[in-house]
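Data block for query_32.pdb (PDB, C-alpha atoms):
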```
ATOM      1  CA  MET A   1      10.776   2.962 -22.386
ATOM      2  CA  GLU A   2      12.266   5.470 -19.948
ATOM      3  CA  ILE A   3       8.871   6.152 -18.387
ATOM      4  CA  ARG A   4       8.278   2.439 -17.777
ATOM      5  CA  ALA A   5      11.722   2.046 -16.186
ATOM      6  CA  ALA A   6      11.153   5.072 -13.959
ATOM      7  CA  LEU A   7       7.767   3.735 -12.907
ATOM      8  CA  GLN A   8       9.230   0.309 -12.105
ATOM      9  CA  THR A   9      11.981   1.915 -10.028
ATOM     10  CA  SER A  10       9.445   4.037  -8.186
ATOM     11  CA  CYS A  11       7.169   1.047  -7.518
ATOM     12  CA  ARG A  12      10.049  -1.057  -6.205
ATOM     13  CA  ALA A  13      11.214   1.763  -3.918
ATOM     14  CA  ARG A  14       7.712   2.286  -2.533
ATOM     15  CA  TYR A  15       7.161  -1.446  -2.010
ATOM     16  CA  THR A  16      10.486  -1.779  -0.191
ATOM     17  CA  ARG A  17       9.861   1.273   1.994
ATOM     18  CA  ASP A  18       6.312   0.247   2.900
ATOM     19  CA  VAL A  19       7.153  -3.399   3.612
ATOM     20  CA  ARG A  20       9.958  -2.332   5.931
ATOM     21  CA  ALA A  21       8.007   0.387   7.740
ATOM     22  CA  SER A  22       4.534  -1.153   7.896
ATOM     23  CA  VAL A  23       5.207  -4.890   8.109
ATOM     24  CA  LEU A  24       8.766  -5.812   9.050
ATOM     25  CA  GLN A  25       9.425  -3.188  11.728
ATOM     26  CA  PRO A  26       6.162  -3.864  13.587
ATOM     27  CA  LEU A  27       6.815  -7.615  13.445
ATOM     28  CA  ALA A  28      10.374  -7.200  14.685
ATOM     29  CA  ALA A  29       9.141  -5.032  17.558
ATOM     30  CA  GLY A  30       6.105  -7.198  18.323
ATOM     31  CA  SER A  31       5.341  -8.816  21.614
ATOM     32  CA  GLU A  32       4.472 -12.275  22.814
ATOM     33  CA  PRO A  33       1.546 -12.912  22.652
ATOM     34  CA  SER A  34       0.683 -10.756  19.697
ATOM     35  CA  ASP A  35      -1.832  -7.938  19.871
ATOM     36  CA  ASP A  36      -4.736  -9.101  17.660
ATOM     37  CA  ALA A  37      -5.550  -5.622  16.357
ATOM     38  CA  ALA A  38      -1.901  -4.951  15.488
ATOM     39  CA  GLN A  39      -1.561  -8.344  13.799
ATOM     40  CA  HIS A  40      -4.697  -7.767  11.725
ATOM     41  CA  ALA A  41      -3.371  -4.361  10.662
ATOM     42  CA  ILE A  42      -0.030  -5.904   9.634
ATOM     43  CA  GLU A  43      -1.805  -8.628   7.640
ATOM     44  CA  ARG A  44      -4.113  -6.119   5.949
ATOM     45  CA  THR A  45      -1.116  -3.986   4.990
ATOM     46  CA  ALA A  46       0.745  -7.071   3.729
ATOM     47  CA  ARG A  47      -2.242  -7.958   1.504
ATOM     48  CA  ASP A  48      -2.356  -4.425   0.120
ATOM     49  CA  LEU A  49       1.375  -4.529  -0.583
ATOM     50  CA  ARG A  50       1.100  -7.919  -2.260
ATOM     51  CA  ARG A  51      -1.559  -6.491  -4.607
ATOM     52  CA  PHE A  52       0.630  -3.449  -5.244
ATOM     53  CA  GLU A  53       3.616  -5.680  -6.026
ATOM     54  CA  HIS A  54       1.493  -7.770  -8.408
ATOM     55  CA  ALA A  55       0.318  -4.631 -10.207
ATOM     56  CA  SER A  56       3.888  -3.391 -10.557
ATOM     57  CA  ARG A  57       4.896  -6.729 -12.087
ATOM     58  CA  LEU A  58       2.203  -6.252 -14.703
ATOM     59  CA  LEU A  59       4.197  -3.214 -15.790
ATOM     60  CA  GLY A  60       7.141  -5.502 -16.455
ATOM     61  CA  GLY A  61       8.809  -5.393 -13.071
ATOM     62  CA  GLU A  62      10.617  -8.378 -11.658
ATOM     63  CA  ALA A  63      10.673  -9.902  -8.208
ATOM     64  CA  ASP A  64      13.112  -8.251  -5.851
ATOM     65  CA  ASP A  65      15.099 -11.179  -4.450
ATOM     66  CA  THR A  66      16.808  -8.904  -1.944
ATOM     67  CA  MET A  67      13.440  -7.882  -0.528
ATOM     68  CA  VAL A  68      12.257 -11.509  -0.454
ATOM     69  CA  SER A  69      15.351 -12.423   1.574
ATOM     70  CA  GLU A  70      14.839  -9.502   3.939
ATOM     71  CA  VAL A  71      11.203 -10.448   4.487
ATOM     72  CA  ALA A  72      12.144 -14.080   5.136
ATOM     73  CA  ASP A  73      14.954 -13.124   7.541
ATOM     74  CA  THR A  74      12.747 -10.767   9.546
ATOM     75  CA  LEU A  75       9.923 -13.289   9.747
ATOM     76  CA  ARG A  76      12.367 -16.022  10.720
ATOM     77  CA  THR A  77      13.917 -13.985  13.542
ATOM     78  CA  GLY A  78      10.969 -11.807  14.563
ATOM     79  CA  VAL A  79       9.241 -11.956  17.895
ATOM     80  CA  GLY A  80       5.706 -13.048  18.564
ATOM     81  CA  PRO A  81       3.953 -16.279  17.706
ATOM     82  CA  ALA A  82       5.359 -18.221  14.762
ATOM     83  CA  VAL A  83       1.844 -18.678  13.374
ATOM     84  CA  ASP A  84       1.409 -14.894  13.064
ATOM     85  CA  ARG A  85       4.720 -14.571  11.263
ATOM     86  CA  ALA A  86       3.805 -17.529   9.035
ATOM     87  CA  ARG A  87       0.537 -15.839   8.001
ATOM     88  CA  VAL A  88       2.419 -12.717   6.975
ATOM     89  CA  ALA A  89       4.980 -14.849   5.137
ATOM     90  CA  GLU A  90       2.208 -16.553   3.172
ATOM     91  CA  ILE A  91       0.716 -13.208   2.222
ATOM     92  CA  LEU A  92       3.979 -11.589   1.125
ATOM     93  CA  LEU A  93       5.963 -14.569  -0.153
ATOM     94  CA  GLY A  94       3.317 -17.022  -1.324
ATOM     95  CA  ALA A  95       2.350 -20.425   0.021
ATOM     96  CA  ASP A  96       5.421 -22.390  -1.098
ATOM     97  CA  ARG A  97       7.988 -20.009   0.356
ATOM     98  CA  ALA A  98       5.899 -19.623   3.514
ATOM     99  CA  ALA A  99       5.805 -23.417   3.978
ATOM    100  CA  THR A 100       9.582 -23.552   3.739
ATOM    101  CA  LEU A 101       9.910 -20.726   6.241
ATOM    102  CA  LEU A 102       7.376 -22.323   8.606
ATOM    103  CA  ALA A 103       9.372 -25.550   8.578
ATOM    104  CA  GLU A 104      12.345 -23.512   9.821
ATOM    105  CA  LEU A 105      10.298 -21.809  12.549
ATOM    106  CA  VAL A 106       8.970 -24.948  14.201
TER     107      VAL A 106
END
```
Starting from the file, lay out its structure as structure tokens.
Amino acid sequence: MEIRAALQTSCRARYTRDVRASVLQPLAAGSEPSDDAAQHAIERTARDLRRFEHASRLLGGEADDTMVSEVADTLRTGVGPAVDRARVAEILLGADRAATLLAELV
């Protein structure tokens, strides 16, 4: 059981670090209008992280509500087109949470 717990902790730490560094920080520092290549890279990274998070849940991990809130807050207050932020929200948070966030953005 200790190995599983250590692996879950490690997965959560990596997910948090990578979401912050590779998705949230670039979105927060983005420009209006968005750079298409940068936006595609952010979305690709978000998809990879979503798959990683799903795999870590298969190990018995739970959703990190703190990280969900941080993602939502950054996407809500980030710069750049709302549609770009909404796409990233849908990738990371799922369609239902992204729809709620999009309603707040427009």
Quiz item: Written as a list in words, what is the full residue list that the PyMOL selection byres ((chain A and resi 46) around 8) yields on the file shown?
Solution: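 For this structure, the PyMOL selection byres ((chain A and resi 46) around 8) captures Val19, Val23, Ile42, Glu43, Arg44, Thr45, Arg47, Asp48, Leu49, Arg50, Val88, Ile91 and Leu92 of chain A.
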Practice problem: Would you mind reading off the distance between CA of Ala13 (chain A) and CA of Arg76 (chain A), one decimal, in Å? | Solution: 23.1 Å
Quiz item: Which one of A:Val83, A:Leu7, A:Leu75, A:Ala103 sits closest to Pro26 (chain A) if you count only C-alpha atoms?
Solution: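 The shortest atom-to-atom distance to Pro26 (chain A) comes from A:Leu75.
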Quiz prompt | Selected residue, from A:Ala89, A:Ile3, A:Tyr15, A:Ser10, that lies nearest to Val71 (chain A) when counting all atoms listed in the file | solution =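 Nearest to Val71 (chain A): A:Ala89.
When the PyMOL selection byres ((chain A and resi 29) around 12) is run on the displayed coordinates, the residues it returns are Arg20, Ala21, Ser22, Val23, Leu24, Gln25, Pro26, Leu27, Ala28, Gly30, Ser31, Glu32, Ser34, Asp35, Ala38, Gln39, Thr74, Leu75, Thr77, Gly78, Val79 and Gly80 of chain A.
Between Leu101 (chain A) and the residues A:Glu53, A:Asp73, A:Glu2, A:Asp18, the shortest atom-to-atom distance, using only C-alpha atoms, involves A:Asp73.
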Quiz prompt | From A:Ser56, A:Ala72, A:Arg12, A:Pro81, residue lying nearest Ala99 (chain A) [only C-alpha atoms] | solution = A:Ala72
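Of the listed residues (A:Leu102, A:Glu90, A:Cys11, A:Ala6), A:Cys11 comes nearest to His54 (chain A); the distances count only C-alpha atoms.
CA of Asp84 (chain A) is positioned 29.1 Å from CA of Leu58 (chain A).
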Exercise. State, in Å with one decimal place, the distance from CA of Gln8 (chain A) to CA of Thr66 (chain A).
Key: 15.7 Å
